[in-house]
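Engineer: Have a peek at start-v2.cif (mmCIF, C-alpha atoms).
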data_upload
#
loop_
_atom_site.group_PDB
_atom_site.id
_atom_site.type_symbol
_atom_site.label_atom_id
_atom_site.label_comp_id
_atom_site.auth_asym_id
_atom_site.auth_seq_id
_atom_site.Cartn_x
_atom_site.Cartn_y
_atom_site.Cartn_z
ATOM 1 C CA MET A 1 -24.191 14.169 -31.716
ATOM 2 C CA THR A 2 -24.904 14.244 -28.037
ATOM 3 C CA LEU A 3 -27.181 11.245 -28.354
ATOM 4 C CA THR A 4 -24.803 8.923 -30.221
ATOM 5 C CA THR A 5 -21.719 9.592 -28.121
ATOM 6 C CA PRO A 6 -23.013 7.985 -24.890
ATOM 7 C CA VAL A 7 -24.264 4.972 -26.870
ATOM 8 C CA THR A 8 -20.815 4.485 -28.473
ATOM 9 C CA ALA A 9 -19.112 4.805 -25.124
ATOM 10 C CA VAL A 10 -21.449 2.248 -23.559
ATOM 11 C CA ALA A 11 -20.891 -0.166 -26.473
ATOM 12 C CA ALA A 12 -17.149 0.226 -26.157
ATOM 13 C CA LYS A 13 -17.292 -0.544 -22.474
ATOM 14 C CA ALA A 14 -19.472 -3.600 -23.097
ATOM 15 C CA LEU A 15 -16.974 -5.290 -25.477
ATOM 16 C CA PRO A 16 -15.348 -8.390 -23.935
ATOM 17 C CA PRO A 17 -11.568 -8.454 -23.545
ATOM 18 C CA VAL A 18 -9.605 -9.882 -26.459
ATOM 19 C CA ASP A 19 -8.329 -13.408 -25.800
ATOM 20 C CA LEU A 20 -4.698 -13.459 -26.935
ATOM 21 C CA ALA A 21 -4.049 -17.032 -25.844
ATOM 22 C CA PRO A 22 -4.712 -18.627 -29.299
ATOM 23 C CA LEU A 23 -2.359 -16.112 -30.905
ATOM 24 C CA ARG A 24 0.340 -16.864 -28.324
ATOM 25 C CA ARG A 25 -0.087 -20.621 -28.849
ATOM 26 C CA ARG A 26 0.184 -20.162 -32.607
ATOM 27 C CA ARG A 27 3.358 -18.104 -32.253
ATOM 28 C CA LEU A 28 4.773 -20.678 -29.852
ATOM 29 C CA ARG A 29 4.057 -23.521 -32.291
ATOM 30 C CA ARG A 30 5.695 -21.592 -35.128
ATOM 31 C CA ALA A 31 8.739 -20.884 -32.975
ATOM 32 C CA LEU A 32 9.019 -24.555 -31.986
ATOM 33 C CA VAL A 33 8.730 -25.654 -35.625
ATOM 34 C CA GLN A 34 11.440 -23.212 -36.658
ATOM 35 C CA LEU A 35 13.639 -24.345 -33.778
ATOM 36 C CA ALA A 36 13.160 -27.983 -34.813
ATOM 37 C CA CYS A 37 14.085 -27.104 -38.415
ATOM 38 C CA VAL A 38 17.242 -25.351 -37.225
ATOM 39 C CA LEU A 39 18.230 -28.305 -35.044
ATOM 40 C CA VAL A 40 17.663 -30.814 -37.852
ATOM 41 C CA SER A 41 19.649 -28.618 -40.258
ATOM 42 C CA LEU A 42 22.529 -28.369 -37.791
ATOM 43 C CA PHE A 43 22.415 -32.122 -37.235
ATOM 44 C CA MET A 44 22.774 -32.675 -40.988
ATOM 45 C CA VAL A 45 25.251 -29.891 -41.768
ATOM 46 C CA LEU A 46 27.611 -30.227 -38.796
ATOM 47 C CA PRO A 47 29.214 -33.546 -39.921
ATOM 48 C CA ILE A 48 29.830 -32.087 -43.389
ATOM 49 C CA VAL A 49 31.441 -28.997 -41.863
ATOM 50 C CA LEU A 50 33.645 -31.100 -39.593
ATOM 51 C CA ILE A 51 34.737 -33.298 -42.504
ATOM 52 C CA ALA A 52 35.529 -30.214 -44.592
ATOM 53 C CA LEU A 53 37.572 -28.628 -41.792
ATOM 54 C CA ALA A 54 39.478 -31.870 -41.229
ATOM 55 C CA ALA A 55 40.132 -32.269 -44.958
ATOM 56 C CA LEU A 56 41.505 -28.718 -45.127
ATOM 57 C CA SER A 57 43.722 -29.164 -42.067
ATOM 58 C CA THR A 58 47.335 -30.250 -42.032
ATOM 59 C CA PRO A 59 48.211 -33.778 -40.866
ATOM 60 C CA ASP A 60 50.020 -32.295 -37.848
ATOM 61 C CA GLU A 61 46.894 -30.470 -36.698
ATOM 62 C CA LEU A 62 44.825 -33.631 -37.041
ATOM 63 C CA ALA A 63 47.335 -35.443 -34.812
ATOM 64 C CA GLU A 64 47.143 -32.797 -32.069
ATOM 65 C CA PHE A 65 45.210 -33.439 -28.884
ATOM 66 C CA PRO A 66 43.051 -31.712 -27.912
ATOM 67 C CA LYS A 67 42.089 -30.557 -31.389
ATOM 68 C CA SER A 68 40.873 -27.039 -32.055
ATOM 69 C CA PHE A 69 37.509 -26.634 -33.758
ATOM 70 C CA LEU A 70 38.871 -24.242 -36.377
ATOM 71 C CA PRO A 71 42.257 -25.126 -37.886
ATOM 72 C CA SER A 72 44.855 -22.406 -37.654
ATOM 73 C CA ASP A 73 46.336 -23.153 -41.063
ATOM 74 C CA LEU A 74 43.986 -24.121 -43.895
ATOM 75 C CA THR A 75 45.631 -25.984 -46.736
ATOM 76 C CA LEU A 76 44.573 -27.766 -49.906
ATOM 77 C CA ASP A 77 47.611 -30.041 -49.952
ATOM 78 C CA THR A 78 45.796 -33.056 -48.501
ATOM 79 C CA LEU A 79 42.811 -32.671 -50.812
ATOM 80 C CA ARG A 80 45.102 -32.080 -53.781
ATOM 81 C CA GLY A 81 47.120 -35.166 -52.899
ATOM 82 C CA PHE A 82 43.973 -37.261 -52.693
ATOM 83 C CA VAL A 83 42.610 -36.017 -56.022
ATOM 84 C CA THR A 84 45.894 -36.717 -57.791
ATOM 85 C CA SER A 85 46.187 -40.209 -56.308
ATOM 86 C CA THR A 86 46.170 -43.176 -58.652
ATOM 87 C CA GLY A 87 42.685 -44.133 -59.796
ATOM 88 C CA VAL A 88 40.765 -41.304 -58.112
ATOM 89 C CA LEU A 89 39.970 -39.192 -61.190
ATOM 90 C CA PRO A 90 38.898 -42.200 -63.332
ATOM 91 C CA ALA A 91 36.759 -43.403 -60.423
ATOM 92 C CA PHE A 92 35.229 -39.922 -60.164
ATOM 93 C CA GLY A 93 34.339 -40.035 -63.854
ATOM 94 C CA ASN A 94 32.850 -43.515 -63.461
ATOM 95 C CA SER A 95 30.691 -42.298 -60.570
ATOM 96 C CA VAL A 96 29.422 -39.318 -62.556
ATOM 97 C CA LEU A 97 28.619 -41.479 -65.580
ATOM 98 C CA THR A 98 26.959 -44.119 -63.429
ATOM 99 C CA GLY A 99 24.857 -41.526 -61.606
ATOM 100 C CA VAL A 100 23.725 -39.790 -64.801
ATOM 101 C CA TYR A 101 22.971 -43.055 -66.589
ATOM 102 C CA THR A 102 21.054 -44.318 -63.556
ATOM 103 C CA VAL A 103 18.929 -41.167 -63.424
ATOM 104 C CA VAL A 104 18.148 -41.353 -67.150
ATOM 105 C CA LEU A 105 17.345 -45.073 -67.099
ATOM 106 C CA SER A 106 15.253 -44.846 -63.922
ATOM 107 C CA LEU A 107 13.178 -41.945 -65.238
ATOM 108 C CA ALA A 108 12.836 -43.458 -68.706
ATOM 109 C CA ILE A 109 11.310 -46.619 -67.228
ATOM 110 C CA GLY A 110 9.930 -45.418 -63.899
ATOM 111 C CA ALA A 111 8.091 -42.278 -65.070
ATOM 112 C CA PRO A 112 5.825 -44.105 -67.565
ATOM 113 C CA ALA A 113 5.188 -46.781 -64.949
ATOM 114 C CA GLY A 114 4.286 -44.100 -62.400
ATOM 115 C CA TYR A 115 1.982 -42.446 -64.937
ATOM 116 C CA ALA A 116 0.238 -45.763 -65.538
ATOM 117 C CA LEU A 117 -0.254 -46.278 -61.804
ATOM 118 C CA ALA A 118 -1.646 -42.746 -61.447
ATOM 119 C CA ARG A 119 -4.075 -42.834 -64.371
ATOM 120 C CA HIS A 120 -5.212 -46.451 -64.702
ATOM 121 C CA THR A 121 -6.886 -48.870 -62.325
ATOM 122 C CA PHE A 122 -6.156 -52.529 -63.002
ATOM 123 C CA ARG A 123 -6.265 -55.820 -61.158
ATOM 124 C CA GLY A 124 -3.248 -56.341 -58.905
ATOM 125 C CA ARG A 125 -2.327 -52.652 -58.815
ATOM 126 C CA ASP A 126 -1.673 -52.595 -55.073
ATOM 127 C CA ALA A 127 0.150 -55.921 -55.150
ATOM 128 C CA TYR A 128 2.335 -54.565 -57.948
ATOM 129 C CA GLN A 129 3.408 -51.600 -55.821
ATOM 130 C CA VAL A 130 4.207 -53.839 -52.854
ATOM 131 C CA PHE A 131 6.135 -56.203 -55.120
ATOM 132 C CA MET A 132 8.280 -53.312 -56.340
ATOM 133 C CA LEU A 133 9.173 -52.385 -52.770
ATOM 134 C CA MET A 134 10.320 -55.959 -52.172
ATOM 135 C CA VAL A 135 13.362 -55.130 -54.296
ATOM 136 C CA ARG A 136 14.574 -52.833 -51.516
ATOM 137 C CA ALA A 137 13.890 -55.476 -48.876
ATOM 138 C CA LEU A 138 16.744 -57.636 -50.149
ATOM 139 C CA PRO A 139 20.208 -56.360 -49.176
ATOM 140 C CA ILE A 140 22.625 -55.784 -52.019
ATOM 141 C CA VAL A 141 25.121 -58.140 -50.370
ATOM 142 C CA VAL A 142 22.750 -61.066 -50.952
ATOM 143 C CA LEU A 143 22.313 -60.128 -54.610
ATOM 144 C CA SER A 144 25.954 -59.361 -55.349
ATOM 145 C CA VAL A 145 27.192 -62.926 -55.977
ATOM 146 C CA PRO A 146 24.317 -63.937 -58.324
ATOM 147 C CA LEU A 147 24.597 -60.622 -60.150
ATOM 148 C CA ALA A 148 28.355 -60.998 -60.536
ATOM 149 C CA THR A 149 27.828 -64.476 -61.986
ATOM 150 C CA ILE A 150 25.206 -63.225 -64.432
ATOM 151 C CA PHE A 151 27.344 -60.283 -65.540
ATOM 152 C CA LEU A 152 30.397 -62.501 -65.975
ATOM 153 C CA ARG A 153 28.460 -64.849 -68.247
ATOM 154 C CA ALA A 154 26.974 -61.918 -70.158
ATOM 155 C CA GLY A 155 30.395 -60.323 -70.633
ATOM 156 C CA VAL A 156 29.485 -57.024 -68.932
ATOM 157 C CA TYR A 157 31.311 -57.528 -65.633
ATOM 158 C CA ASP A 158 33.557 -54.685 -64.484
ATOM 159 C CA THR A 159 31.760 -52.054 -66.584
ATOM 160 C CA VAL A 160 29.867 -48.866 -65.863
ATOM 161 C CA GLY A 161 26.812 -50.397 -67.517
ATOM 162 C CA ALA A 162 26.695 -53.262 -65.019
ATOM 163 C CA VAL A 163 26.779 -50.896 -62.055
ATOM 164 C CA THR A 164 24.161 -48.706 -63.758
ATOM 165 C CA LEU A 165 21.777 -51.642 -64.088
ATOM 166 C CA VAL A 166 22.138 -52.498 -60.399
ATOM 167 C CA HIS A 167 21.669 -48.909 -59.254
ATOM 168 C CA ALA A 168 18.679 -48.417 -61.549
ATOM 169 C CA ALA A 169 17.068 -51.573 -60.142
ATOM 170 C CA LEU A 170 17.609 -50.264 -56.602
ATOM 171 C CA ALA A 171 16.169 -46.837 -57.452
ATOM 172 C CA MET A 172 13.261 -48.034 -59.605
ATOM 173 C CA PRO A 173 10.690 -48.664 -56.810
ATOM 174 C CA THR A 174 11.050 -45.208 -55.294
ATOM 175 C CA THR A 175 11.160 -43.604 -58.760
ATOM 176 C CA VAL A 176 7.876 -45.258 -59.735
ATOM 177 C CA LEU A 177 6.130 -44.376 -56.479
ATOM 178 C CA ILE A 178 7.375 -40.778 -56.413
ATOM 179 C CA THR A 179 6.392 -40.112 -60.016
ATOM 180 C CA ALA A 180 3.021 -41.803 -59.482
ATOM 181 C CA SER A 181 2.238 -39.440 -56.597
ATOM 182 C CA ILE A 182 3.260 -36.483 -58.759
ATOM 183 C CA PHE A 183 1.098 -37.528 -61.717
ATOM 184 C CA VAL A 184 -1.878 -38.047 -59.396
ATOM 185 C CA ALA A 185 -1.616 -34.364 -58.447
ATOM 186 C CA VAL A 186 -1.871 -33.307 -62.116
ATOM 187 C CA PRO A 187 -5.599 -32.809 -62.901
ATOM 188 C CA ALA A 188 -6.929 -35.270 -65.448
ATOM 189 C CA ASP A 189 -9.211 -32.534 -66.785
ATOM 190 C CA LEU A 190 -6.192 -30.826 -68.339
ATOM 191 C CA GLU A 191 -5.387 -33.948 -70.306
ATOM 192 C CA GLU A 192 -8.980 -34.286 -71.457
ATOM 193 C CA ALA A 193 -9.009 -30.649 -72.566
ATOM 194 C CA ALA A 194 -5.802 -31.175 -74.547
ATOM 195 C CA ARG A 195 -7.306 -34.260 -76.210
ATOM 196 C CA VAL A 196 -10.390 -32.252 -77.129
ATOM 197 C CA PHE A 197 -8.197 -29.668 -78.857
ATOM 198 C CA GLY A 198 -6.580 -32.345 -80.987
ATOM 199 C CA CYS A 199 -3.507 -33.485 -79.068
ATOM 200 C CA THR A 200 -2.544 -37.116 -79.146
ATOM 201 C CA ARG A 201 -1.727 -39.010 -75.973
ATOM 202 C CA ALA A 202 1.997 -38.508 -76.514
ATOM 203 C CA GLU A 203 1.558 -34.773 -77.207
ATOM 204 C CA THR A 204 -0.688 -34.413 -74.161
ATOM 205 C CA PHE A 205 1.930 -36.043 -71.962
ATOM 206 C CA ARG A 206 4.766 -33.976 -73.430
ATOM 207 C CA ARG A 207 3.026 -30.578 -73.536
ATOM 208 C CA VAL A 208 0.678 -30.709 -70.558
ATOM 209 C CA VAL A 209 1.598 -33.387 -68.023
ATOM 210 C CA LEU A 210 5.382 -33.326 -68.221
ATOM 211 C CA PRO A 211 5.869 -29.561 -67.541
ATOM 212 C CA LEU A 212 3.648 -29.821 -64.457
ATOM 213 C CA ALA A 213 5.487 -32.915 -63.240
ATOM 214 C CA VAL A 214 9.019 -31.495 -63.632
ATOM 215 C CA PRO A 215 9.433 -30.663 -59.891
ATOM 216 C CA GLY A 216 8.511 -34.205 -58.903
ATOM 217 C CA LEU A 217 10.780 -35.675 -61.553
ATOM 218 C CA ALA A 218 13.582 -33.458 -60.229
ATOM 219 C CA ALA A 219 13.013 -34.794 -56.707
ATOM 220 C CA SER A 220 13.148 -38.338 -58.028
ATOM 221 C CA ALA A 221 16.334 -37.511 -59.975
ATOM 222 C CA VAL A 222 17.993 -36.111 -56.845
ATOM 223 C CA PHE A 223 17.136 -39.202 -54.829
ATOM 224 C CA THR A 224 18.328 -41.524 -57.603
ATOM 225 C CA PHE A 225 21.601 -39.685 -58.173
ATOM 226 C CA VAL A 226 22.457 -39.543 -54.465
ATOM 227 C CA LEU A 227 21.604 -43.236 -54.097
ATOM 228 C CA SER A 228 23.846 -44.133 -57.040
ATOM 229 C CA TRP A 229 26.642 -41.845 -55.899
ATOM 230 C CA ASN A 230 26.770 -43.246 -52.366
ATOM 231 C CA GLU A 231 26.264 -46.935 -53.183
ATOM 232 C CA VAL A 232 29.468 -48.852 -52.515
ATOM 233 C CA LEU A 233 28.793 -52.569 -51.964
ATOM 234 C CA GLY A 234 27.391 -53.363 -55.390
ATOM 235 C CA ALA A 235 30.026 -51.266 -57.141
ATOM 236 C CA GLY A 236 32.778 -52.883 -55.076
ATOM 237 C CA VAL A 237 31.698 -56.430 -55.972
ATOM 238 C CA LEU A 238 30.841 -55.836 -59.631
ATOM 239 C CA THR A 239 33.928 -53.828 -60.588
ATOM 240 C CA ILE A 240 37.688 -54.190 -60.312
ATOM 241 C CA GLY A 241 39.340 -51.929 -62.842
ATOM 242 C CA HIS A 242 36.422 -49.528 -63.357
ATOM 243 C CA ARG A 243 35.449 -48.767 -59.796
ATOM 244 C CA THR A 244 33.230 -45.879 -58.789
ATOM 245 C CA LEU A 245 34.577 -43.285 -56.376
ATOM 246 C CA PRO A 246 32.999 -44.751 -53.193
ATOM 247 C CA ALA A 247 34.367 -48.202 -54.059
ATOM 248 C CA GLN A 248 37.782 -46.712 -54.848
ATOM 249 C CA VAL A 249 37.819 -44.810 -51.555
ATOM 250 C CA LEU A 250 36.790 -47.928 -49.650
ATOM 251 C CA VAL A 251 39.575 -49.986 -51.189
ATOM 252 C CA ALA A 252 42.380 -47.434 -51.471
ATOM 253 C CA LEU A 253 41.941 -45.574 -48.193
ATOM 254 C CA ALA A 254 41.583 -48.553 -45.902
ATOM 255 C CA ASP A 255 45.216 -48.221 -44.810
ATOM 256 C CA SER A 256 45.710 -44.552 -45.701
ATOM 257 C CA PRO A 257 46.471 -41.736 -43.250
ATOM 258 C CA GLN A 258 43.581 -40.106 -41.452
ATOM 259 C CA SER A 259 43.918 -36.867 -43.391
ATOM 260 C CA TYR A 260 43.419 -38.698 -46.704
ATOM 261 C CA ARG A 261 40.290 -40.356 -45.347
ATOM 262 C CA PHE A 262 38.760 -36.979 -44.538
ATOM 263 C CA ALA A 263 39.747 -35.714 -47.977
ATOM 264 C CA GLY A 264 38.040 -38.724 -49.524
ATOM 265 C CA GLY A 265 34.911 -38.077 -47.476
ATOM 266 C CA LEU A 266 34.787 -34.460 -48.637
ATOM 267 C CA ALA A 267 35.295 -35.536 -52.250
ATOM 268 C CA LEU A 268 32.322 -37.885 -51.909
ATOM 269 C CA VAL A 269 30.033 -35.260 -50.390
ATOM 270 C CA LEU A 270 30.665 -32.252 -52.637
ATOM 271 C CA PRO A 271 29.390 -33.606 -56.001
ATOM 272 C CA ALA A 272 26.104 -34.778 -54.454
ATOM 273 C CA LEU A 273 25.618 -31.375 -52.815
ATOM 274 C CA LEU A 274 26.372 -29.658 -56.117
ATOM 275 C CA PHE A 275 23.778 -31.784 -57.918
ATOM 276 C CA ILE A 276 21.180 -30.955 -55.257
ATOM 277 C CA LEU A 277 21.933 -27.231 -55.581
ATOM 278 C CA LEU A 278 21.489 -27.441 -59.345
ATOM 279 C CA MET A 279 18.068 -29.058 -58.875
ATOM 280 C CA ARG A 280 17.133 -26.731 -56.021
ATOM 281 C CA ARG A 281 14.689 -24.500 -57.870
ATOM 282 C CA TYR A 282 12.660 -27.474 -59.072
ATOM 283 C CA LEU A 283 12.468 -28.850 -55.537
ATOM 284 C CA LEU A 284 11.354 -25.488 -54.183
ATOM 285 C CA SER A 285 8.675 -25.304 -56.886
ATOM 286 C CA MET A 286 7.375 -28.685 -55.790
ATOM 287 C CA TRP A 287 7.244 -27.558 -52.147
ATOM 288 C CA GLY A 288 5.469 -24.317 -53.030
ATOM 289 C CA SER A 289 8.389 -22.062 -52.099
ATOM 290 C CA ARG A 290 10.246 -19.462 -54.059
ATOM 291 C CA GLY A 291 13.992 -19.654 -54.334
#
Would you mind writing the file's structure down as structure tokens?
Structural biologist:
Amino acid sequence: MTLTTPVTAVAAKALPPVDLAPLRRRRLRRALVQLACVLVSLFMVLPIVLIALAALSTPDELAEFPKSFLPSDLTLDTLRGFVTSTGVLPAFGNSVLTGVYTVVLSLAIGAPAGYALARHTFRGRDAYQVFMLMVRALPIVVLSVPLATIFLRAGVYDTVGAVTLVHAALAMPTTVLITASIFVAVPADLEEAARVFGCTRAETFRRVVLPLAVPGLAASAVFTFVLSWNEVLGAGVLTIGHRTLPAQVLVALADSPQSYRFAGGLALVLPALLFILLMRRYLLSMWGSRG
């Protein structure tokens, strides 16, 4: 006992001091990342909050100068008046139908195309992906007149189906590329094992690949729905009596009071946020988080 104690004491004295600098740098980086996330979140949320407060304010408070950040009297009269305006509810229904149809059509065509890009190598594969992105390079304003002419001759002008086709064409490149990246992450060994146990290609895709790709498909659905919901130029040119909500707001609120414009902005934002919240758990699964 007397022999080991001095040796332990000498060893303890000989240990070098602990360098805490890497730990401090790591904590600093984490704090900066969290601060950046908070700032980006505030940058994105603050306009929505301001629009909501303005939509819930009275017209007299909106006319005051200087304006207070928080309205003293919250009211739903302006929002209720906007919702009950002529053409708003039918336009809301058209937007919902267009968004849902666009998501279904984009995934029905884009997901198999993404799976083919992820699993097969063929000549012109890279050129095909670049060619798909060229669809987004052309502004919808340039395509509106030819599309309107085609739809008029086909007898589908001023319909939800016409707007759905345009929105699906706009969303198809990103749908294909997103789903392709998701299917690449699914191990091919799982498909081979399912084929060994007697599954056909369709059964393998439905039972093995599709459940693992649901988070990525949800992310693609969110992007497609938001794109369809917010698109206004194509819907404004291709429809007259069956306008979507953004096109109706653009046309009807051009000369409306300021309070109605804020109410229209809030009505455009809320459904997209609700759809994202419904798909939230799939997005968190894709990002490796738990919600």
Engineer: Would you work out the distance separating CA of Arg207 in chain A from CA of Ala169 in chain A, expressed in Å to one decimal?
Structural biologist: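 Computed distance, CA of Arg207 in chain A to CA of Ala169 in chain A, equals 28.6 Å.
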Engineer: Please provide as a list in words all residues within 8 Å of range 223-233 of chain A, with the sequence filter that same-chain residues fewer than 2 positions apart are discarded (counting all atoms listed in the file).
Structural biologist: Ser95, Val96, Thr98, Gly99, Val100, Thr102, Val103, Ser106, Ile140, Val141, His167, Ala168, Ala171, Thr175, Ala219, Ser220, Ala221, Ala235, Gly236, Val237, Thr244, Pro246, Ala247, Leu250, Leu268 and Ala272 of chain A
Engineer: Would you be able to write out as a list in words which residues have an atom within 10 Å of (35.6, -32.5, -42.7) in the file's coordinates, counting only C-alpha atoms?
Structural biologist: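 These residues have at least one counted atom within 10 Å: Leu46, Pro47, Ile48, Val49, Leu50, Ile51, Ala52, Leu53, Ala54, Ala55, Leu56, Ser57, Ser259, Arg261, Phe262, Ala263, Gly264, Gly265, Leu266 and Val269 of chain A.
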Engineer: Just say which residues the PyMOL selection byres ((chain A and resi 111) around 9) picks in this file, as a list of chain:residue names.
Structural biologist: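 Applying the PyMOL selection byres ((chain A and resi 111) around 9) to the structure shown produces A:Ser106, A:Leu107, A:Ala108, A:Ile109, A:Gly110, A:Pro112, A:Ala113, A:Gly114, A:Tyr115, A:Ala116, A:Thr175, A:Val176, A:Ile178, A:Thr179, A:Ala180, A:Leu217.
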Engineer: Find the distance between CA of Ala36 in chain A and CA of Leu23 in chain A and write it in Å to one decimal.
Structural biologist: 19.9 Å
Engineer: Please measure the separation of CA of Pro59 in chain A and CA of Val83 in chain A, giving the value in Å to one decimal.
Structural biologist: 16.3 Å
Engineer: What residues come out when you apply the PyMOL selection byres ((chain A and resi 74) around 8) to this file, written as a PyMOL selection string?
Structural biologist: chain A and resi 56-58+71-73+75-76
Engineer: Between A:Leu97, A:Ala194, A:Cys199, A:Leu42, single out the one closest to Arg243 in chain A, counting only C-alpha atoms.
Structural biologist: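 Nearest candidate to Arg243 in chain A out of A:Leu97, A:Ala194, A:Cys199, A:Leu42: A:Leu97.
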